[in-house]
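K.L.:
Dropping in upload_23.cif, which is mmCIF, C-alpha atoms:
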data_data
loop_
_atom_site.label_atom_id
_atom_site.label_comp_id
_atom_site.auth_asym_id
_atom_site.auth_seq_id
_atom_site.Cartn_x
_atom_site.Cartn_y
_atom_site.Cartn_z
CA MET A 112 1.54 22.93 9.77
CA THR A 113 -1.56 21.81 7.91
CA THR A 114 -3.66 19.09 9.51
CA ILE A 115 -6.43 17.22 7.72
CA ALA A 116 -8.83 14.88 9.51
CA ILE A 117 -10.14 11.86 7.64
CA VAL A 118 -13.40 10.48 9.02
CA VAL A 119 -13.92 6.92 7.83
CA GLY A 120 -17.56 5.95 7.46
CA ALA A 121 -17.96 3.98 4.25
CA GLY A 122 -19.20 0.81 5.92
CA ARG A 123 -22.78 -0.37 5.67
CA GLY A 124 -22.70 -2.95 8.47
CA HIS A 125 -26.02 -4.55 9.30
CA ARG A 126 -25.59 -5.42 12.96
CA PHE A 127 -28.21 -2.76 13.51
CA GLY A 128 -30.52 -4.71 11.22
CA ALA A 129 -32.09 -3.40 8.06
CA GLY A 130 -32.19 0.31 7.38
CA MET A 131 -29.82 3.22 7.79
CA PRO A 132 -26.08 2.62 8.44
CA LYS A 133 -25.10 3.20 12.07
CA GLN A 134 -23.09 6.37 11.38
CA TYR A 135 -26.27 8.11 10.19
CA ARG A 136 -28.53 7.01 13.03
CA ALA A 137 -29.68 9.76 15.38
CA LEU A 138 -27.79 10.43 18.61
CA ALA A 139 -29.05 13.33 20.76
CA GLY A 140 -31.08 14.53 17.80
CA VAL A 141 -28.34 14.57 15.15
CA PRO A 142 -26.57 11.84 13.12
CA VAL A 143 -23.79 9.95 14.89
CA VAL A 144 -21.22 11.02 12.29
CA ARG A 145 -21.99 14.70 12.81
CA HIS A 146 -20.73 14.60 16.39
CA ALA A 147 -17.22 13.54 15.31
CA VAL A 148 -17.06 15.64 12.14
CA GLN A 149 -18.13 18.79 13.95
CA THR A 150 -15.66 18.34 16.82
CA LEU A 151 -12.80 17.78 14.40
CA ALA A 152 -13.79 20.57 12.00
CA GLU A 153 -14.05 23.11 14.82
CA HIS A 154 -10.74 22.19 16.47
CA PRO A 155 -8.25 25.06 16.03
CA SER A 156 -5.46 22.72 14.89
CA VAL A 157 -7.55 21.02 12.18
CA ASP A 158 -7.67 22.74 8.79
CA GLY A 159 -10.19 20.53 7.05
CA VAL A 160 -12.17 17.30 7.28
CA ILE A 161 -12.63 14.66 4.58
CA GLY A 162 -15.42 12.17 5.02
CA VAL A 163 -14.91 8.80 3.38
CA VAL A 164 -18.37 7.54 2.49
CA HIS A 165 -20.08 4.72 0.64
CA PRO A 166 -20.84 5.74 -2.98
CA ASP A 167 -24.56 5.28 -2.27
CA ASP A 168 -24.49 7.51 0.84
CA HIS A 169 -23.41 10.89 -0.53
CA ASP A 170 -26.76 12.50 0.27
CA LEU A 171 -26.84 10.97 3.75
CA PHE A 172 -23.40 12.37 4.54
CA GLU A 173 -24.05 15.80 3.06
CA ASN A 174 -27.27 16.13 5.04
CA ALA A 175 -25.56 14.90 8.20
CA VAL A 176 -22.80 17.52 8.08
CA ALA A 177 -24.78 20.39 6.53
CA GLY A 178 -23.58 23.77 7.76
CA ILE A 179 -20.18 22.60 9.07
CA GLU A 180 -17.43 24.53 7.33
CA GLY A 181 -14.36 22.92 5.81
CA VAL A 182 -15.86 19.47 5.16
CA THR A 183 -15.56 17.54 1.89
CA HIS A 184 -16.00 13.87 1.08
CA THR A 185 -14.71 11.12 -1.17
CA ASP A 186 -15.75 7.56 -1.97
CA GLY A 187 -14.70 4.66 0.19
CA GLY A 188 -13.37 1.31 -0.98
CA ALA A 189 -14.21 -2.35 -0.51
CA GLU A 190 -12.39 -2.56 2.84
CA ARG A 191 -11.53 -0.01 5.52
CA GLN A 192 -7.89 -0.04 4.44
CA ASP A 193 -8.97 0.87 0.90
CA SER A 194 -11.20 3.64 2.24
CA VAL A 195 -8.39 5.19 4.28
CA ARG A 196 -6.10 5.06 1.26
CA ASN A 197 -8.76 6.90 -0.77
CA GLY A 198 -9.02 9.48 2.02
CA LEU A 199 -5.27 9.97 2.03
CA ALA A 200 -5.28 10.45 -1.74
CA ALA A 201 -7.96 13.13 -1.37
CA ALA A 202 -6.03 14.78 1.48
CA ALA A 203 -2.90 15.04 -0.69
CA ALA A 204 -4.55 17.92 -2.56
CA PHE A 205 -4.18 20.03 0.60
CA SER A 206 -0.46 19.22 1.03
CA PRO A 207 -0.90 18.43 4.73
CA THR A 208 1.94 17.78 7.14
CA ARG A 209 -0.26 15.84 9.57
CA VAL A 210 -3.36 13.71 9.30
CA LEU A 211 -5.88 12.40 11.80
CA ILE A 212 -7.78 9.23 10.92
CA HIS A 213 -10.99 8.74 12.87
CA ASP A 214 -13.91 6.31 12.90
CA ALA A 215 -17.22 7.95 12.00
CA ALA A 216 -18.94 5.86 14.66
CA ARG A 217 -16.91 7.28 17.58
CA PRO A 218 -19.00 10.34 18.49
CA PHE A 219 -17.35 11.25 21.81
CA VAL A 220 -13.96 12.47 20.59
CA ASN A 221 -13.15 15.82 22.18
CA GLY A 222 -10.63 18.61 21.88
CA ALA A 223 -8.35 17.36 24.64
CA LEU A 224 -7.96 13.95 22.98
CA ILE A 225 -7.21 15.57 19.62
CA ASP A 226 -4.51 17.69 21.26
CA ALA A 227 -3.03 14.62 22.96
CA VAL A 228 -2.77 12.73 19.66
CA LEU A 229 -1.28 15.63 17.70
CA HIS A 230 1.34 16.60 20.29
CA PRO A 231 3.77 13.65 19.82
CA LEU A 232 3.89 14.07 16.02
CA ASP A 233 6.69 16.62 16.41
CA LYS A 234 8.95 13.75 17.49
CA THR A 235 7.41 10.54 16.12
CA PRO A 236 5.65 9.54 12.88
CA GLY A 237 2.47 8.31 14.58
CA ALA A 238 0.44 8.45 17.78
CA VAL A 239 -2.67 6.60 18.91
CA PRO A 240 -4.96 6.85 21.95
CA ALA A 241 -5.03 3.62 23.93
CA LEU A 242 -6.36 2.14 27.16
CA PRO A 243 -4.59 -0.62 29.15
CA VAL A 244 -6.44 -3.93 29.10
CA ALA A 245 -7.95 -4.43 32.54
CA ASP A 246 -9.85 -7.70 32.07
CA THR A 247 -8.30 -11.13 32.20
CA LEU A 248 -7.81 -12.48 28.69
CA LYS A 249 -8.45 -16.09 27.66
CA ARG A 250 -7.72 -17.93 24.46
CA GLY A 251 -10.40 -20.45 23.56
CA ALA A 252 -11.09 -23.34 21.18
CA ASP A 253 -14.10 -25.61 20.76
CA GLY A 254 -16.01 -23.75 23.44
CA ARG A 255 -13.33 -24.20 26.10
CA ILE A 256 -10.47 -22.14 27.49
CA SER A 257 -7.19 -23.24 26.02
CA ASP A 258 -4.91 -20.66 27.55
CA THR A 259 -4.74 -17.54 29.74
CA VAL A 260 -3.11 -14.63 27.97
CA ASP A 261 -0.75 -12.38 29.89
CA ARG A 262 -2.31 -8.92 29.64
CA THR A 263 0.87 -7.09 30.69
CA GLY A 264 1.60 -4.39 28.15
CA LEU A 265 -1.64 -4.95 26.23
CA TYR A 266 -3.78 -1.99 25.14
CA ARG A 267 -7.14 -1.30 23.52
CA VAL A 268 -6.52 1.17 20.72
CA GLN A 269 -8.93 3.92 19.70
CA THR A 270 -9.14 6.72 17.14
CA PRO A 271 -8.36 9.40 16.12
CA GLN A 272 -4.96 8.08 15.19
CA GLY A 273 -2.49 10.77 14.19
CA PHE A 274 0.34 10.56 11.69
CA ARG A 275 2.82 12.57 9.73
CA PHE A 276 1.19 12.62 6.33
CA GLU A 277 4.01 11.52 4.07
CA GLU A 278 4.95 8.55 6.26
CA ILE A 279 1.42 7.17 6.62
CA LYS A 280 0.58 7.66 2.94
CA ALA A 281 3.75 5.85 1.86
CA ALA A 282 3.07 3.06 4.37
CA HIS A 283 -0.51 2.64 3.09
CA ASP A 284 0.67 2.48 -0.51
CA LYS A 285 3.24 -0.12 0.45
CA ALA A 286 0.64 -2.18 2.34
CA ILE A 287 -1.69 -2.70 -0.63
CA GLY A 288 -2.69 -6.37 -0.69
CA GLN A 289 -2.05 -6.88 3.03
CA THR A 290 -4.82 -7.02 5.62
CA LEU A 291 -3.95 -5.02 8.72
CA THR A 292 -6.31 -4.13 11.54
CA ASP A 293 -5.71 -0.39 11.90
CA ASP A 294 -3.60 2.46 10.56
CA ALA A 295 -1.06 2.18 13.36
CA ALA A 296 -0.43 -1.42 12.27
CA ILE A 297 0.25 -0.16 8.76
CA LEU A 298 2.87 2.25 10.05
CA GLU A 299 4.35 -0.49 12.24
CA ALA A 300 4.59 -2.79 9.22
CA ALA A 301 6.69 -0.10 7.53
CA GLY A 302 9.09 -0.22 10.48
CA LEU A 303 8.13 3.16 11.93
CA PRO A 304 7.42 3.89 15.61
CA VAL A 305 3.98 4.81 16.97
CA ALA A 306 3.50 6.58 20.30
CA LEU A 307 0.77 5.69 22.80
CA VAL A 308 -1.25 8.45 24.47
CA PRO A 309 -4.00 7.96 27.07
CA GLY A 310 -7.37 7.17 25.53
CA LYS A 311 -10.81 7.86 26.96
CA GLU A 312 -13.31 5.23 28.10
CA ARG A 313 -16.17 7.28 26.71
CA ASN A 314 -14.53 7.37 23.27
CA PHE A 315 -16.04 4.02 22.35
CA LYS A 316 -17.15 2.92 18.90
CA ILE A 317 -20.83 2.43 18.16
CA THR A 318 -21.11 -1.00 16.59
CA THR A 319 -24.41 -2.42 17.83
CA GLN A 320 -27.79 -1.12 18.93
CA ASP A 321 -26.66 -1.63 22.53
CA ASP A 322 -23.74 0.74 21.89
CA LEU A 323 -26.12 3.37 20.53
CA SER A 324 -28.33 2.97 23.58
CA ARG A 325 -25.26 3.33 25.80
CA ALA A 326 -24.30 6.54 23.98
CA GLU A 327 -27.81 7.95 24.44
CA ALA A 328 -27.67 7.04 28.13
CA LEU A 329 -24.28 8.71 28.53
CA ILE A 330 -25.63 11.93 27.11
CA ALA A 331 -28.94 11.82 28.94
CA GLY A 332 -27.50 10.54 32.20
CA GLY A 333 -24.35 12.62 32.39
CA PRO A 334 -23.93 15.66 34.61
CA ALA A 335 -26.12 18.61 33.65
CA ARG A 336 -24.91 22.17 33.99
CA THR A 337 -27.06 25.27 33.75
CA GLY A 338 -26.11 28.82 32.90
CA PHE A 339 -28.03 32.08 33.14
CA GLY A 340 -27.83 35.17 30.95
CA PHE A 341 -29.25 38.68 31.17
CA ASP A 342 -28.84 41.65 28.88
CA VAL A 343 -30.34 45.09 28.26
CA HIS A 344 -30.20 47.47 25.29
CA ARG A 345 -31.80 50.86 24.93
CA PHE A 346 -33.78 52.09 21.94
CA GLU A 347 -32.59 54.61 19.40
CA ARG A 348 -34.18 55.93 16.23
CA GLY A 349 -34.49 53.39 13.42
CA ASP A 350 -36.97 51.50 11.28
CA ALA A 351 -36.35 47.93 12.51
CA LEU A 352 -34.79 46.03 15.37
CA ARG A 353 -33.24 42.60 15.58
CA LEU A 354 -34.32 39.96 18.07
CA CYS A 355 -33.16 36.32 17.94
CA GLY A 356 -31.50 36.99 14.60
CA VAL A 357 -34.80 38.14 13.09
CA ASP A 358 -35.41 41.70 11.86
CA LEU A 359 -38.74 43.06 13.11
CA PRO A 360 -40.42 46.22 11.78
CA HIS A 361 -40.45 48.89 14.49
CA ASP A 362 -40.09 52.64 14.98
CA PHE A 363 -36.86 52.11 16.90
CA LYS A 364 -33.80 49.90 16.83
CA LEU A 365 -31.59 48.74 19.67
CA ALA A 366 -28.35 50.60 20.35
CA GLY A 367 -25.10 48.72 20.85
CA HIS A 368 -21.58 48.04 19.60
CA SER A 369 -22.73 45.00 17.59
CA ASP A 370 -26.21 44.60 16.09
CA ALA A 371 -27.48 44.84 19.70
CA ASP A 372 -29.54 41.65 19.52
CA VAL A 373 -30.37 41.60 23.22
CA ALA A 374 -31.94 38.13 23.00
CA LEU A 375 -28.93 36.41 21.42
CA HIS A 376 -26.62 38.23 23.85
CA ALA A 377 -28.52 36.80 26.82
CA LEU A 378 -28.48 33.33 25.27
CA THR A 379 -24.74 33.57 24.59
CA ASP A 380 -24.05 34.45 28.22
CA ALA A 381 -26.28 31.61 29.42
CA LEU A 382 -24.45 29.05 27.29
CA LEU A 383 -21.00 30.37 28.25
CA GLY A 384 -22.07 30.22 31.88
CA ALA A 385 -23.16 26.60 31.55
CA ILE A 386 -19.70 25.55 30.36
CA GLY A 387 -17.75 27.86 32.67
CA GLN A 388 -16.33 30.06 29.91
CA GLY A 389 -16.89 33.54 31.29
CA ASP A 390 -19.18 35.97 29.50
CA ILE A 391 -19.77 37.53 26.11
CA GLY A 392 -17.63 40.57 26.93
CA ALA A 393 -14.59 38.40 27.61
CA HIS A 394 -14.83 36.71 24.20
CA PHE A 395 -16.11 39.67 22.17
CA PRO A 396 -15.11 42.88 23.97
CA PRO A 397 -17.07 45.98 22.95
CA THR A 398 -13.79 47.85 22.70
CA ASP A 399 -12.74 45.67 19.75
CA ASP A 400 -13.66 47.17 16.39
CA ARG A 401 -13.89 43.69 14.87
CA TRP A 402 -17.30 43.35 16.51
CA LYS A 403 -18.64 46.78 15.56
CA GLY A 404 -21.99 46.15 13.89
CA ALA A 405 -21.39 42.38 14.04
CA ASP A 406 -24.26 39.92 13.62
CA SER A 407 -24.80 38.46 17.08
CA GLN A 408 -25.31 34.98 15.66
CA VAL A 409 -21.50 34.88 15.51
CA PHE A 410 -21.38 35.18 19.30
CA LEU A 411 -23.97 32.47 19.94
CA ALA A 412 -22.43 30.12 17.36
CA GLU A 413 -19.02 30.49 19.04
CA ALA A 414 -20.51 29.67 22.45
CA ALA A 415 -22.07 26.54 20.92
CA ARG A 416 -18.72 25.59 19.39
CA LEU A 417 -16.98 25.97 22.74
CA ALA A 418 -19.63 23.74 24.31
CA ARG A 419 -19.06 21.01 21.73
CA GLN A 420 -15.27 21.27 22.12
CA ALA A 421 -15.75 20.71 25.83
CA GLY A 422 -17.68 17.52 25.05
CA ALA A 423 -21.08 18.97 26.00
CA THR A 424 -24.44 18.50 24.30
CA ILE A 425 -26.88 21.40 24.40
CA SER A 426 -29.99 20.02 26.07
CA ASN A 427 -32.26 23.05 25.84
CA VAL A 428 -32.40 26.84 25.98
CA ASP A 429 -35.19 29.02 27.33
CA LEU A 430 -35.42 32.73 26.54
CA THR A 431 -37.64 35.46 27.97
CA ILE A 432 -37.87 38.82 26.16
CA ILE A 433 -39.09 41.70 28.33
CA CYS A 434 -40.65 44.63 26.48
CA GLU A 435 -43.87 46.54 25.77
CA ALA A 436 -43.29 46.48 22.03
CA PRO A 437 -42.84 45.01 19.50
CA LYS A 438 -45.10 42.01 19.97
CA VAL A 439 -43.04 38.81 20.04
CA GLY A 440 -45.88 36.28 19.64
CA PRO A 441 -46.34 36.59 15.87
CA HIS A 442 -42.61 36.00 15.36
CA ARG A 443 -42.04 33.31 17.97
CA ASP A 444 -41.82 30.34 15.59
CA VAL A 445 -39.32 31.96 13.23
CA MET A 446 -37.25 33.08 16.24
CA ARG A 447 -37.14 29.55 17.64
CA ALA A 448 -36.16 28.19 14.24
CA ARG A 449 -33.35 30.74 13.88
CA ILE A 450 -31.91 29.97 17.32
CA ALA A 451 -32.10 26.23 16.64
CA GLU A 452 -30.26 26.77 13.35
CA ILE A 453 -27.45 28.75 15.02
CA LEU A 454 -27.06 26.23 17.86
CA GLU A 455 -27.49 23.27 15.48
CA ILE A 456 -30.07 21.62 17.70
CA ALA A 457 -33.68 20.57 17.21
CA VAL A 458 -36.22 23.38 17.40
CA THR A 459 -38.05 21.41 20.10
CA ARG A 460 -35.10 22.20 22.40
CA VAL A 461 -35.64 25.96 22.04
CA ASN A 462 -38.26 28.04 23.86
CA VAL A 463 -38.94 31.73 23.31
CA LYS A 464 -41.46 33.71 25.33
CA ALA A 465 -42.16 37.33 26.16
CA THR A 466 -43.57 39.38 28.99
CA THR A 467 -44.02 42.98 30.01
CA THR A 468 -43.36 44.83 33.28
CA GLU A 469 -46.89 46.25 33.37
CA ARG A 470 -45.54 49.61 32.19
CA LEU A 471 -43.15 49.81 35.13
CA GLY A 472 -39.45 50.64 34.84
CA PHE A 473 -37.43 51.44 31.73
CA THR A 474 -39.02 48.65 29.66
CA GLY A 475 -42.45 49.82 30.76
CA ARG A 476 -41.56 53.32 29.59
CA ARG A 477 -40.50 51.81 26.23
CA GLU A 478 -36.92 52.97 26.63
CA GLY A 479 -35.41 49.62 25.72
CA ILE A 480 -35.63 45.83 25.88
CA ALA A 481 -34.29 43.32 28.39
CA ALA A 482 -33.81 39.58 27.93
CA GLN A 483 -32.99 36.74 30.26
CA ALA A 484 -32.04 33.21 29.27
CA VAL A 485 -31.33 29.79 30.71
CA ALA A 486 -29.21 27.15 28.97
CA THR A 487 -28.72 23.55 30.06
CA VAL A 488 -25.92 21.37 28.70
CA LEU A 489 -25.18 17.71 29.31
CA PHE A 490 -21.74 16.16 29.65
CA PRO A 491 -21.33 12.42 29.02
CA GLY A 492 -21.36 10.40 32.22
#
Output the structure of this file as C-alpha cells.
P.N.:
Amino acid sequence: MTTIAIVVGAGRGHRFGAGMPKQYRALAGVPVVRHAVQTLAEHPSVDGVIGVVHPDDHDLFENAVAGIEGVTHTDGGAERQDSVRNGLAAAAAFSPTRVLIHDAARPFVNGALIDAVLHPLDKTPGAVPALPVADTLKRGADGRISDTVDRTGLYRVQTPQGFRFEEIKAAHDKAIGQTLTDDAAILEAAGLPVALVPGKERNFKITTQDDLSRAEALIAGGPARTGFGFDVHRFERGDALRLCGVDLPHDFKLAGHSDADVALHALTDALLGAIGQGDIGAHFPPTDDRWKGADSQVFLAEAARLARQAGATISNVDLTIICEAPKVGPHRDVMRARIAEILEIAVTRVNVKATTTERLGFTGRREGIAAQAVATVLFPG
C-alpha cells in the first residue's frame, strides 16, 4: 500500500498578532511545521508528504522542511476544505491507497499515533484520533447558561485523520459548496463510517501564543534522558582521517568496517542510549557488508530519526575526542556545524572538545583515537 500524508498549513491566522504565521514560528529551535512533517516523512508506513501552503509562503515552507526527504508542496485554497481538496489532487499523482491529513500546527504527533490511525483502514474507510470530553458542557446565550449538554459519547477529535484515498477524495469532491468542520465530517456526510482511536493529550493544536508557550514548556519541562557513548579505532596507513564527518589531513587514517569515524560512532551510541535503543552494533552490525566503508553520518542520522519517532527532542550533545594528533581545535567549528546538520539541531546545542592522555596508553603512543560522548534528549511532559 502507498500512503501519502497531507500536512495542511495554508492559513495565515493572526491570533499571534502581526508577523510570521504560527506554523513557521520556532519551537525548540525549529519551525512548528517541521516537527510534524519530519515525524510523518520518517515514519516507515508513509511514502511521501505533501505540504499545503499559502501561495505567499513557499519560501517559508521550503526553508522549514529543508533536508527532509520525500516532501513536496502545493498551494492551499480560500478555506481549509479547499486546501485539503488541493492536497488530495496533488496526492493523486502518487496513486495512493491511503492518506493521512494532518494539521501543520500539531507538532507532537508521534509514530505510535500514526500507527493507531492507519491500522483500522484495512476494515473501515476512515479513522480519527479522539479524546472523550471530560469537562461539563454548557450551552449559553446572552451571557447566561441556557442548557447543560450531556457529554456522554462526546469526543474531541484530533489529527492526523486517516482515510482510504479513493473514498475521501470522492467525498471531498461531492462536498464542494458545503462547510464541514473536519475531514471525518466530510466522509460522514458521504454516508461512510469513521473509526475512533485513542488520541493523545499532548497532540494539541497550536492556535495562540499561549499554546506555543505550552508547547515550549512541554519540551523544556518534560523528562530528560541521558545516554553515554564510547568508541575506539586504531590507526592505519593513509593520508587523511575522518572525525565528526570532516576529513582532516594526517599521515594515518582510522581502521574500521565503515569509515571509522570514531567521534560519530560515540555520538550515535550516546543518542541510542538516551532513547533506550541499544547500540550502534545492533542497528549497523559490522558483519553486514551494507555498512562496509559507509559514511558514519548515516548511523547518527538514523539515531536522530529514532529519537524523533519516539517523540523526543535532542537537547544537546557533548563530545570529547582523545588523541595526541591531529589537533582538533582548528577544526572545531566546522565539526560542530557538521554534527548540528546531521542531527538537525542548532549548532549551539553541540559541543566538541579534545584532550590528550599525556602520552600515556595507546592514544598517548599515537596508536589510535578514542571518543566519548553524552547526549541528552527531552520527552514532552
K.L.:
Near segment 323-329 of chain A, within 9 Å and counting all atoms listed in the file, which residues show up once chain neighbours fewer than 5 positions away are dropped, as a list of chain:residue names?
P.N.:
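Using all atoms listed in the file, the neighbours found are A:Lys133, A:Arg136, A:Ala137, A:Leu138, A:Ala139, A:Val143, A:Pro218, A:Phe219, A:Arg313, A:Phe315, A:Ile317, A:Thr318, A:Phe490, A:Pro491, A:Gly492.
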K.L.:
How many Å lie between atom CA of Gln272 of chain A and atom CA of Ala241 of chain A, rounded to one decimal?
P.N.:
9.8 Å
K.L.:
Residues around (-13.6, 15.2, 7.2), cut-off 8 Å, counting all atoms listed in the file - what are they as a ChimeraX atom specification?
P.N.:
/A:115-118,148,151-152,159-163,181-184
K.L.:
Spell out the residues picked by the PyMOL selection byres ((chain A and resi 378-392) around 6) here, as a ChimeraX atom specification.
P.N.:
/A:336-340,375-377,393-396,411,414,484-486
K.L.:
Could you tell me how far atom CA of Val488 of chain A lies from atom CA of Glu455 of chain A, in Å and to one decimal?
P.N.:
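If I compute the distance from atom CA of Val488 of chain A to atom CA of Glu455 of chain A, I get 13.4 Å.
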K.L.:
Could you pull the residues within 7 Å of Asn462 of chain A, counting only C-alpha atoms, minus those fewer than 6 positions along the same chain, as an NGL selection string?
P.N.:
:A and (428-430 or 447)
K.L.:
Can those selected residues be exported to a file as a tab-separated table (two decimals), in the coordinates of the input so that it contains C-alpha atoms?
P.N.:
chain	number	residue	atom	x	y	z
A	428	VAL	CA	-32.40	26.84	25.98
A	429	ASP	CA	-35.19	29.02	27.33
A	430	LEU	CA	-35.42	32.73	26.54
A	447	ARG	CA	-37.14	29.55	17.64
K.L.:
Excluding Thr292 of chain A and residues on its chain fewer than 4 positions from it, collect all residues at most 9 Å away from it, counting only C-alpha atoms, and give them as a PyMOL selection string.
P.N.:
chain A and resi 191-192+296-297
K.L.:
Compare A:Gln269, A:Gln483, A:Thr114, A:Gln289 by their minimum atom-to-atom distance to Glu190 of chain A, counting all atoms listed in the file, and give me the closest one.
P.N.:
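Using all atoms listed in the file, the shortest distance to Glu190 of chain A belongs to A:Gln289.
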K.L.:
Of the candidates A:Ser426, A:Ser407, A:Ser194, A:Gln420, which shows the shortest atom-to-atom distance to Ile287 of chain A, using only C-alpha atoms?
P.N.:
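Going through A:Ser426, A:Ser407, A:Ser194, A:Gln420 one by one, the smallest distance to Ile287 of chain A is for A:Ser194.
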K.L.:
Using all atoms listed in the file, give me every residue within 9 Å of (-18.2, 5.6, -0.7) in file coordinates, as a PyMOL selection string.
P.N.:
chain A and resi 120-122+163-169+184-189+194
K.L.:
Write to file, as a PDB file, in the coordinates of the input, the residues of the selection just made, with C-alpha atoms.
P.N.:
ATOM      1  CA  GLY A 120     -17.560   5.950   7.460  1.00  0.00           C
ATOM      2  CA  ALA A 121     -17.960   3.980   4.250  1.00  0.00           C
ATOM      3  CA  GLY A 122     -19.200   0.810   5.920  1.00  0.00           C
ATOM      4  CA  VAL A 163     -14.910   8.800   3.380  1.00  0.00           C
ATOM      5  CA  VAL A 164     -18.370   7.540   2.490  1.00  0.00           C
ATOM      6  CA  HIS A 165     -20.080   4.720   0.640  1.00  0.00           C
ATOM      7  CA  PRO A 166     -20.840   5.740  -2.980  1.00  0.00           C
ATOM      8  CA  ASP A 167     -24.560   5.280  -2.270  1.00  0.00           C
ATOM      9  CA  ASP A 168     -24.490   7.510   0.840  1.00  0.00           C
ATOM     10  CA  HIS A 169     -23.410  10.890  -0.530  1.00  0.00           C
ATOM     11  CA  HIS A 184     -16.000  13.870   1.080  1.00  0.00           C
ATOM     12  CA  THR A 185     -14.710  11.120  -1.170  1.00  0.00           C
ATOM     13  CA  ASP A 186     -15.750   7.560  -1.970  1.00  0.00           C
ATOM     14  CA  GLY A 187     -14.700   4.660   0.190  1.00  0.00           C
ATOM     15  CA  GLY A 188     -13.370   1.310  -0.980  1.00  0.00           C
ATOM     16  CA  ALA A 189     -14.210  -2.350  -0.510  1.00  0.00           C
ATOM     17  CA  SER A 194     -11.200   3.640   2.240  1.00  0.00           C
TER      18      SER A 194
END
K.L.:
Can you list, as a PyMOL selection string, the residues that the PyMOL selection byres ((chain A and resi 268) around 12) selects here?
P.N.:
chain A and resi 213-214+238-244+265-267+269-272+292-296+305-312+314-316
K.L.:
Of the candidates A:Ala351, A:Leu489, A:Ile256, A:Leu303, which shows the shortest atom-to-atom distance to Gly422 of chain A, using all atoms listed in the file?
P.N.:
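The answer is A:Leu489, which sits nearest to Gly422 of chain A.
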